[in-house]
>>> print(open('coords26.cif').read())   # mmCIF, C-alpha atoms
data_data
#
loop_
_atom_site.label_atom_id
_atom_site.label_comp_id
_atom_site.auth_asym_id
_atom_site.auth_seq_id
_atom_site.Cartn_x
_atom_site.Cartn_y
_atom_site.Cartn_z
CA MET H 579 0.00 0.00 0.00
CA LYS H 580 2.86 2.35 0.82
CA LYS H 581 4.22 1.95 -2.72
CA ILE H 582 1.01 3.25 -4.30
CA LYS H 583 -0.06 5.79 -1.69
CA LEU H 584 1.04 8.79 -3.80
CA GLU H 585 -0.69 7.49 -6.93
CA LEU H 586 -3.90 6.74 -5.02
CA LYS H 587 -3.83 10.24 -3.50
CA TRP H 588 -3.52 11.85 -6.94
CA GLY H 589 -6.27 9.59 -8.34
CA PHE H 590 -8.56 11.01 -5.64
CA ILE H 591 -7.39 14.59 -6.28
CA ILE H 592 -8.07 14.26 -10.00
CA THR H 593 -11.52 12.80 -9.30
CA ILE H 594 -12.39 15.64 -6.93
CA MET H 595 -11.08 18.18 -9.42
CA PHE H 596 -13.29 16.59 -12.09
CA LEU H 597 -16.35 16.89 -9.82
CA VAL H 598 -15.55 20.55 -9.20
CA TRP H 599 -15.16 21.09 -12.96
CA MET H 600 -18.59 19.54 -13.56
CA LEU H 601 -20.05 21.89 -10.96
CA VAL H 602 -18.45 24.83 -12.79
CA GLU H 603 -19.87 23.59 -16.11
CA LYS H 604 -23.32 23.32 -14.54
CA VAL H 605 -23.13 26.80 -13.00
CA LEU H 606 -21.98 28.29 -16.32
CA GLY H 607 -24.98 26.76 -18.07
CA TRP H 608 -23.06 24.30 -20.22
CA HIS H 609 -25.42 21.50 -19.18
CA ASP H 610 -28.62 23.29 -20.11
CA GLU H 611 -29.04 26.60 -21.97
CA LYS H 612 -25.51 26.52 -23.47
CA ILE H 613 -25.44 22.77 -24.12
CA ALA H 614 -24.67 23.33 -27.82
CA ASP H 615 -21.19 24.51 -26.82
CA HIS H 616 -20.62 21.87 -24.14
CA TYR H 617 -18.59 19.50 -26.33
CA TRP H 618 -15.83 21.94 -27.21
CA LEU H 619 -15.90 23.86 -23.91
CA THR H 620 -15.10 20.62 -22.09
CA PHE H 621 -11.63 20.74 -23.69
CA LEU H 622 -10.87 23.71 -21.41
CA PHE H 623 -10.40 21.08 -18.69
CA THR H 624 -7.30 19.68 -20.45
CA PRO H 625 -4.74 22.10 -18.96
CA PHE H 626 -5.93 21.22 -15.46
CA ILE H 627 -5.38 17.51 -16.15
CA ILE H 628 -1.87 18.21 -17.44
CA ILE H 629 -1.12 20.24 -14.32
CA MET H 630 -2.38 17.46 -12.03
CA TYR H 631 -0.23 14.80 -13.71
CA THR H 632 2.76 17.15 -13.66
CA LEU H 633 2.34 17.72 -9.94
CA ALA H 634 1.91 14.00 -9.25
CA ILE H 635 5.01 12.96 -11.20
CA ARG H 636 7.07 15.85 -9.74
CA GLU H 637 6.07 14.81 -6.25
CA LYS H 638 7.14 11.23 -6.98
CA ARG H 639 10.51 12.48 -8.24
CA ARG H 640 11.04 14.81 -5.29
CA ARG H 641 9.74 12.75 -2.35
CA PHE H 642 10.51 9.17 -3.36
CA LEU H 643 13.23 9.16 -6.00
CA GLY H 644 15.77 11.63 -4.62
CA GLY H 645 15.29 14.15 -7.41
CA VAL H 646 16.11 11.62 -10.15
CA LEU H 647 13.43 10.34 -12.52
CA THR H 648 13.66 8.17 -15.60
CA TRP H 649 10.99 8.37 -18.26
CA ILE H 650 9.70 4.91 -17.35
CA GLN H 651 9.43 5.82 -13.65
CA GLY H 652 7.45 8.95 -14.49
CA PHE H 653 5.29 7.14 -17.00
CA THR H 654 4.58 4.28 -14.57
CA THR H 655 3.60 6.75 -11.87
CA GLY H 656 1.22 8.48 -14.27
CA VAL H 657 -0.30 5.20 -15.43
CA LYS H 658 -0.98 4.19 -11.82
CA VAL H 659 -2.63 7.57 -11.18
CA SER H 660 -4.70 7.00 -14.33
CA ILE H 661 -5.81 3.57 -13.18
CA PHE H 662 -6.98 4.89 -9.82
CA ALA H 663 -8.75 7.86 -11.43
CA ALA H 664 -10.40 5.50 -13.94
CA LEU H 665 -11.56 3.20 -11.15
CA LEU H 666 -13.07 6.20 -9.33
CA SER H 667 -14.72 7.65 -12.45
CA PRO H 668 -17.95 5.57 -12.33
CA LEU H 669 -18.55 6.86 -8.80
CA ALA H 670 -17.85 10.40 -10.03
CA GLN H 671 -20.35 9.94 -12.86
CA TYR H 672 -22.95 8.70 -10.39
CA ILE H 673 -22.43 11.80 -8.23
CA ILE H 674 -22.49 14.12 -11.25
CA HIS H 675 -25.69 12.77 -12.77
CA ASN H 676 -27.58 12.26 -9.53
CA TYR H 677 -26.55 15.35 -7.56
CA ILE H 678 -24.70 17.97 -9.60
CA THR H 679 -26.63 17.94 -12.86
CA PRO H 680 -29.50 15.43 -12.79
CA LYS H 681 -31.18 16.92 -15.89
CA TYR H 682 -28.07 16.65 -18.10
CA PHE H 683 -29.16 13.53 -19.98
CA ASP H 684 -32.65 14.93 -20.62
CA ASN H 685 -31.11 18.18 -21.90
CA VAL H 686 -28.50 16.61 -24.15
CA ILE H 687 -30.98 14.08 -25.57
CA ALA H 688 -33.48 16.86 -26.32
CA TYR H 689 -30.75 18.98 -27.95
CA SER H 690 -29.44 16.07 -30.04
CA VAL H 691 -32.88 15.05 -31.28
CA THR H 692 -34.17 18.61 -31.86
CA ASN H 693 -31.10 19.49 -33.92
CA GLN H 694 -31.31 16.17 -35.81
CA LEU H 695 -27.89 15.05 -34.63
CA MET H 696 -29.27 11.68 -33.48
CA THR H 697 -32.46 9.71 -33.45
CA ILE H 698 -34.21 9.43 -30.12
CA GLU H 699 -33.17 5.77 -29.88
CA ALA H 700 -29.50 6.52 -30.59
CA ALA H 701 -29.51 9.44 -28.15
CA ASN H 702 -31.07 7.32 -25.41
CA ASP H 703 -28.51 4.57 -26.00
CA TYR H 704 -25.57 6.98 -25.89
CA PHE H 705 -26.61 9.50 -23.22
CA ASN H 706 -27.25 7.43 -20.11
CA ILE H 707 -25.47 6.71 -16.85
CA ASN H 708 -24.13 3.28 -17.84
CA SER H 709 -22.71 4.58 -21.10
CA TYR H 710 -21.11 7.58 -19.38
CA MET H 711 -19.61 5.43 -16.63
CA LEU H 712 -17.89 3.29 -19.27
CA GLN H 713 -16.88 6.27 -21.43
CA SER H 714 -15.48 8.08 -18.41
CA ALA H 715 -13.44 5.11 -17.20
CA VAL H 716 -11.95 4.40 -20.63
CA GLY H 717 -11.44 8.10 -21.43
CA THR H 718 -9.75 8.75 -18.10
CA LEU H 719 -7.41 5.80 -18.57
CA VAL H 720 -6.47 6.63 -22.18
CA THR H 721 -6.07 10.36 -21.54
CA GLY H 722 -4.03 9.68 -18.41
CA ILE H 723 -1.69 7.33 -20.24
CA ILE H 724 -1.09 9.83 -23.04
CA VAL H 725 -0.56 12.75 -20.67
CA SER H 726 1.72 10.62 -18.48
CA ALA H 727 3.93 9.74 -21.44
CA VAL H 728 4.37 13.38 -22.41
CA VAL H 729 4.76 14.78 -18.89
CA ALA H 730 7.25 12.06 -17.93
CA PHE H 731 9.36 13.00 -20.95
CA PHE H 732 9.61 16.60 -19.78
CA LEU H 733 10.14 15.78 -16.10
CA LYS H 734 12.82 13.12 -16.47
CA ARG H 735 16.05 14.01 -14.75
CA ASP H 736 19.31 12.03 -14.64
CA THR H 737 20.83 13.81 -11.67
CA PRO H 738 19.23 15.48 -8.68
CA LYS H 739 18.91 19.22 -8.84
CA VAL H 740 21.52 20.76 -6.58
CA LYS H 741 20.46 23.63 -4.36
CA LYS H 742 22.69 26.64 -4.75
CA GLN H 743 24.26 27.87 -1.55
CA SER H 744 24.95 31.52 -1.06
CA VAL H 745 28.56 32.42 -0.45
CA SER H 746 29.03 34.91 2.35
CA GLN H 747 32.19 36.91 2.63
#
>>> encode(input="coords26.cif", output="structure tokens")
Amino acid sequence: MKKIKLELKWGFIITIMFLVWMLVEKVLGWHDEKIADHYWLTFLFTPFIIIMYTLAIREKRRRFLGGVLTWIQGFTTGVKVSIFAALLSPLAQYIIHNYITPKYFDNVIAYSVTNQLMTIEAANDYFNINSYMLQSAVGTLVTGIIVSAVVAFFLKRDTPKVKKQSVSQ
């Protein structure tokens, strides 16, 4: 358990951050009156995910690896964070669609059918809690793996960073 404590912590942090983001989306009207823009506005969450993975991998390098990090160590850390976040994502979806924005599916189905983007049957099959739980778990895992690969590349370090000491005369 001690070996995965950091990754589990960051999986929880990412899940909580996602719930907060959904609350922000709801408050800004992206789940009802501005639902037409919801798809592309959701991409504004991407920088926050990159920041969270950067902080997780940096913490691993600093607290557990003595300031040294290979790409594979960073990538593995990120993948573990992704797995925990993916495992927590169905619970997050349950909270989102039962407490934060319970009318989301009704709104997105109505929008999709009214604008002839989908038939009512296709919309009902796609926009439901079971579908979103699966999409969220898979999306979280895939996104986390990709972000981990990139972030680990930029955070790798062969030697620990040496603190500069001031010279007093």
>>> resolve_selection(input="coords26.cif", expression="the PyMOL selection byres ((chain H and resi 665) around 12)", output="list of chain:residue names")
H:Leu586, H:Gly589, H:Phe590, H:Ile592, H:Thr593, H:Lys658, H:Val659, H:Ser660, H:Ile661, H:Phe662, H:Ala663, H:Ala664, H:Leu666, H:Ser667, H:Pro668, H:Leu669, H:Ala670, H:Gln671, H:Met711, H:Leu712, H:Gln713, H:Ser714, H:Ala715, H:Val716, H:Gly717, H:Thr718, H:Leu719
>>> resolve_selection(input="coords26.cif", expression="the PyMOL selection byres ((chain H and resi 685-699) around 10)", output="JSON, numbers by chain")
{"H": [609, 610, 611, 613, 614, 616, 680, 681, 682, 683, 684, 700, 701, 702, 703, 704, 705, 706]}
>>> closest_residue(input="coords26.cif", among="H:Leu606, H:Leu584, H:Asn676, H:Met595", to="H:Phe626", atoms="only C-alpha atoms")
H:Met595
>>> residues_around(input="coords26.cif", residues="H:Trp599", least_positions_apart="3", cutoff="10 Å", atoms="only C-alpha atoms", output="PyMOL selection string")
chain H and resi 593-596+602-605+620+622-623+626
>>> closest_residue(input="coords26.cif", among="H:Ile650, H:Val720, H:Leu601, H:Leu619", to="H:Ile678", atoms="only C-alpha atoms")
H:Leu601
>>> residues_near_point(input="coords26.cif", point="(4.1, 6.2, -1.2)", cutoff="12 Å", atoms="only C-alpha atoms", output="compact mmCIF listing (two decimals) with C-alpha atoms, in the coordinates of the input")
# COMPACT_ATOMS: atom_id res chain seq x y z
CA MET H 579 0.00 0.00 0.00
CA LYS H 580 2.86 2.35 0.82
CA LYS H 581 4.22 1.95 -2.72
CA ILE H 582 1.01 3.25 -4.30
CA LYS H 583 -0.06 5.79 -1.69
CA LEU H 584 1.04 8.79 -3.80
CA GLU H 585 -0.69 7.49 -6.93
CA LEU H 586 -3.90 6.74 -5.02
CA LYS H 587 -3.83 10.24 -3.50
CA TRP H 588 -3.52 11.85 -6.94
CA ALA H 634 1.91 14.00 -9.25
CA GLU H 637 6.07 14.81 -6.25
CA LYS H 638 7.14 11.23 -6.98
CA ARG H 639 10.51 12.48 -8.24
CA ARG H 640 11.04 14.81 -5.29
CA ARG H 641 9.74 12.75 -2.35
CA PHE H 642 10.51 9.17 -3.36
CA LEU H 643 13.23 9.16 -6.00
CA THR H 655 3.60 6.75 -11.87
CA LYS H 658 -0.98 4.19 -11.82
>>> closest_residue(input="coords26.cif", among="H:Leu647, H:Ser726, H:Asn708, H:Ile629", to="H:Pro738", atoms="all atoms listed in the file")
H:Leu647
>>> atom_distance(input="coords26.cif", atom1="atom CA of H:Asp736", atom2="atom CA of H:Val646")
5.5 Å
>>> residues_near_point(input="coords26.cif", point="(1.0, 6.0, -18.6)", cutoff="7 Å", atoms="all atoms listed in the file", output="PyMOL selection string")
chain H and resi 653-654+656-657+722-724+726-727
>>> atom_distance(input="coords26.cif", atom1="atom CA of H:Ile628", atom2="atom CA of H:Tyr672")
24.2 Å
>>> build_atoms(input="coords26.cif", residues="stretch 677-688 of chain H", atoms="all heavy atoms", output="CSV table (one decimal), keeping the file's coordinate frame")
chain,number,residue,atom,x,y,z
H,677,TYR,N,-26.6,14.2,-8.5
H,677,TYR,CA,-26.6,15.4,-7.6
H,677,TYR,C,-26.2,16.7,-8.2
H,677,TYR,O,-26.8,17.7,-7.9
H,677,TYR,CB,-25.6,15.0,-6.4
H,677,TYR,CG,-26.1,13.8,-5.6
H,677,TYR,CD1,-25.4,12.6,-5.8
H,677,TYR,CD2,-27.2,13.9,-4.8
H,677,TYR,CE1,-25.8,11.5,-5.1
H,677,TYR,CE2,-27.6,12.7,-4.1
H,677,TYR,CZ,-26.9,11.5,-4.3
H,677,TYR,OH,-27.3,10.4,-3.6
H,678,ILE,N,-25.2,16.7,-9.0
H,678,ILE,CA,-24.7,18.0,-9.6
H,678,ILE,C,-25.6,18.4,-10.7
H,678,ILE,O,-26.0,19.6,-10.8
H,678,ILE,CB,-23.2,17.9,-10.1
H,678,ILE,CG1,-22.3,17.6,-8.8
H,678,ILE,CG2,-22.8,19.1,-10.8
H,678,ILE,CD1,-20.9,17.4,-9.2
H,679,THR,N,-25.9,17.6,-11.7
H,679,THR,CA,-26.6,17.9,-12.9
H,679,THR,C,-27.6,16.8,-13.3
H,679,THR,O,-27.4,16.2,-14.3
H,679,THR,CB,-25.7,18.4,-14.0
H,679,THR,OG1,-26.4,18.8,-15.1
H,679,THR,CG2,-24.7,17.3,-14.4
H,680,PRO,N,-28.6,16.6,-12.5
H,680,PRO,CA,-29.5,15.4,-12.8
H,680,PRO,C,-30.3,15.6,-14.1
H,680,PRO,O,-30.8,14.5,-14.6
H,680,PRO,CB,-30.4,15.4,-11.6
H,680,PRO,CG,-30.3,16.7,-10.9
H,680,PRO,CD,-29.0,17.3,-11.3
H,681,LYS,N,-30.4,16.7,-14.6
H,681,LYS,CA,-31.2,16.9,-15.9
H,681,LYS,C,-30.3,16.9,-17.1
H,681,LYS,O,-30.8,17.1,-18.2
H,681,LYS,CB,-31.9,18.3,-15.8
H,681,LYS,CG,-32.9,18.4,-14.7
H,681,LYS,CD,-34.2,17.9,-15.1
H,681,LYS,CE,-35.2,18.2,-14.0
H,681,LYS,NZ,-36.2,17.2,-13.9
H,682,TYR,N,-29.0,16.6,-17.0
H,682,TYR,CA,-28.1,16.6,-18.1
H,682,TYR,C,-28.5,15.7,-19.2
H,682,TYR,O,-28.6,16.1,-20.4
H,682,TYR,CB,-26.6,16.3,-17.7
H,682,TYR,CG,-25.7,16.2,-18.8
H,682,TYR,CD1,-25.2,17.4,-19.5
H,682,TYR,CD2,-25.3,15.0,-19.3
H,682,TYR,CE1,-24.4,17.3,-20.6
H,682,TYR,CE2,-24.5,14.9,-20.4
H,682,TYR,CZ,-24.0,16.0,-21.0
H,682,TYR,OH,-23.2,15.9,-22.1
H,683,PHE,N,-28.8,14.5,-18.9
H,683,PHE,CA,-29.2,13.5,-20.0
H,683,PHE,C,-30.4,14.0,-20.7
H,683,PHE,O,-30.5,13.9,-21.9
H,683,PHE,CB,-29.3,12.1,-19.4
H,683,PHE,CG,-28.0,11.5,-19.0
H,683,PHE,CD1,-27.9,10.9,-17.7
H,683,PHE,CD2,-26.9,11.5,-19.8
H,683,PHE,CE1,-26.7,10.3,-17.3
H,683,PHE,CE2,-25.7,10.9,-19.4
H,683,PHE,CZ,-25.6,10.3,-18.2
H,684,ASP,N,-31.4,14.4,-20.0
H,684,ASP,CA,-32.6,14.9,-20.6
H,684,ASP,C,-32.3,16.1,-21.6
H,684,ASP,O,-32.8,16.1,-22.7
H,684,ASP,CB,-33.7,15.4,-19.6
H,684,ASP,CG,-34.2,14.3,-18.7
H,684,ASP,OD1,-34.1,13.1,-19.1
H,684,ASP,OD2,-34.6,14.6,-17.6
H,685,ASN,N,-31.5,17.0,-21.1
H,685,ASN,CA,-31.1,18.2,-21.9
H,685,ASN,C,-30.3,17.8,-23.1
H,685,ASN,O,-30.6,18.3,-24.2
H,685,ASN,CB,-30.3,19.2,-21.1
H,685,ASN,CG,-31.1,19.8,-19.9
H,685,ASN,OD1,-32.3,19.8,-20.0
H,685,ASN,ND2,-30.4,20.2,-18.9
H,686,VAL,N,-29.3,17.0,-23.0
H,686,VAL,CA,-28.5,16.6,-24.2
H,686,VAL,C,-29.3,15.7,-25.1
H,686,VAL,O,-29.1,15.9,-26.4
H,686,VAL,CB,-27.2,16.0,-23.7
H,686,VAL,CG1,-27.3,14.6,-23.2
H,686,VAL,CG2,-26.1,16.1,-24.8
H,687,ILE,N,-30.1,14.9,-24.7
H,687,ILE,CA,-31.0,14.1,-25.6
H,687,ILE,C,-31.9,15.0,-26.3
H,687,ILE,O,-32.0,14.9,-27.6
H,687,ILE,CB,-31.8,13.0,-24.8
H,687,ILE,CG1,-30.8,11.9,-24.3
H,687,ILE,CG2,-32.9,12.4,-25.6
H,687,ILE,CD1,-31.4,10.9,-23.3
H,688,ALA,N,-32.6,15.9,-25.6
H,688,ALA,CA,-33.5,16.9,-26.3
H,688,ALA,C,-32.7,17.7,-27.4
H,688,ALA,O,-33.2,17.9,-28.5
H,688,ALA,CB,-34.1,17.8,-25.3
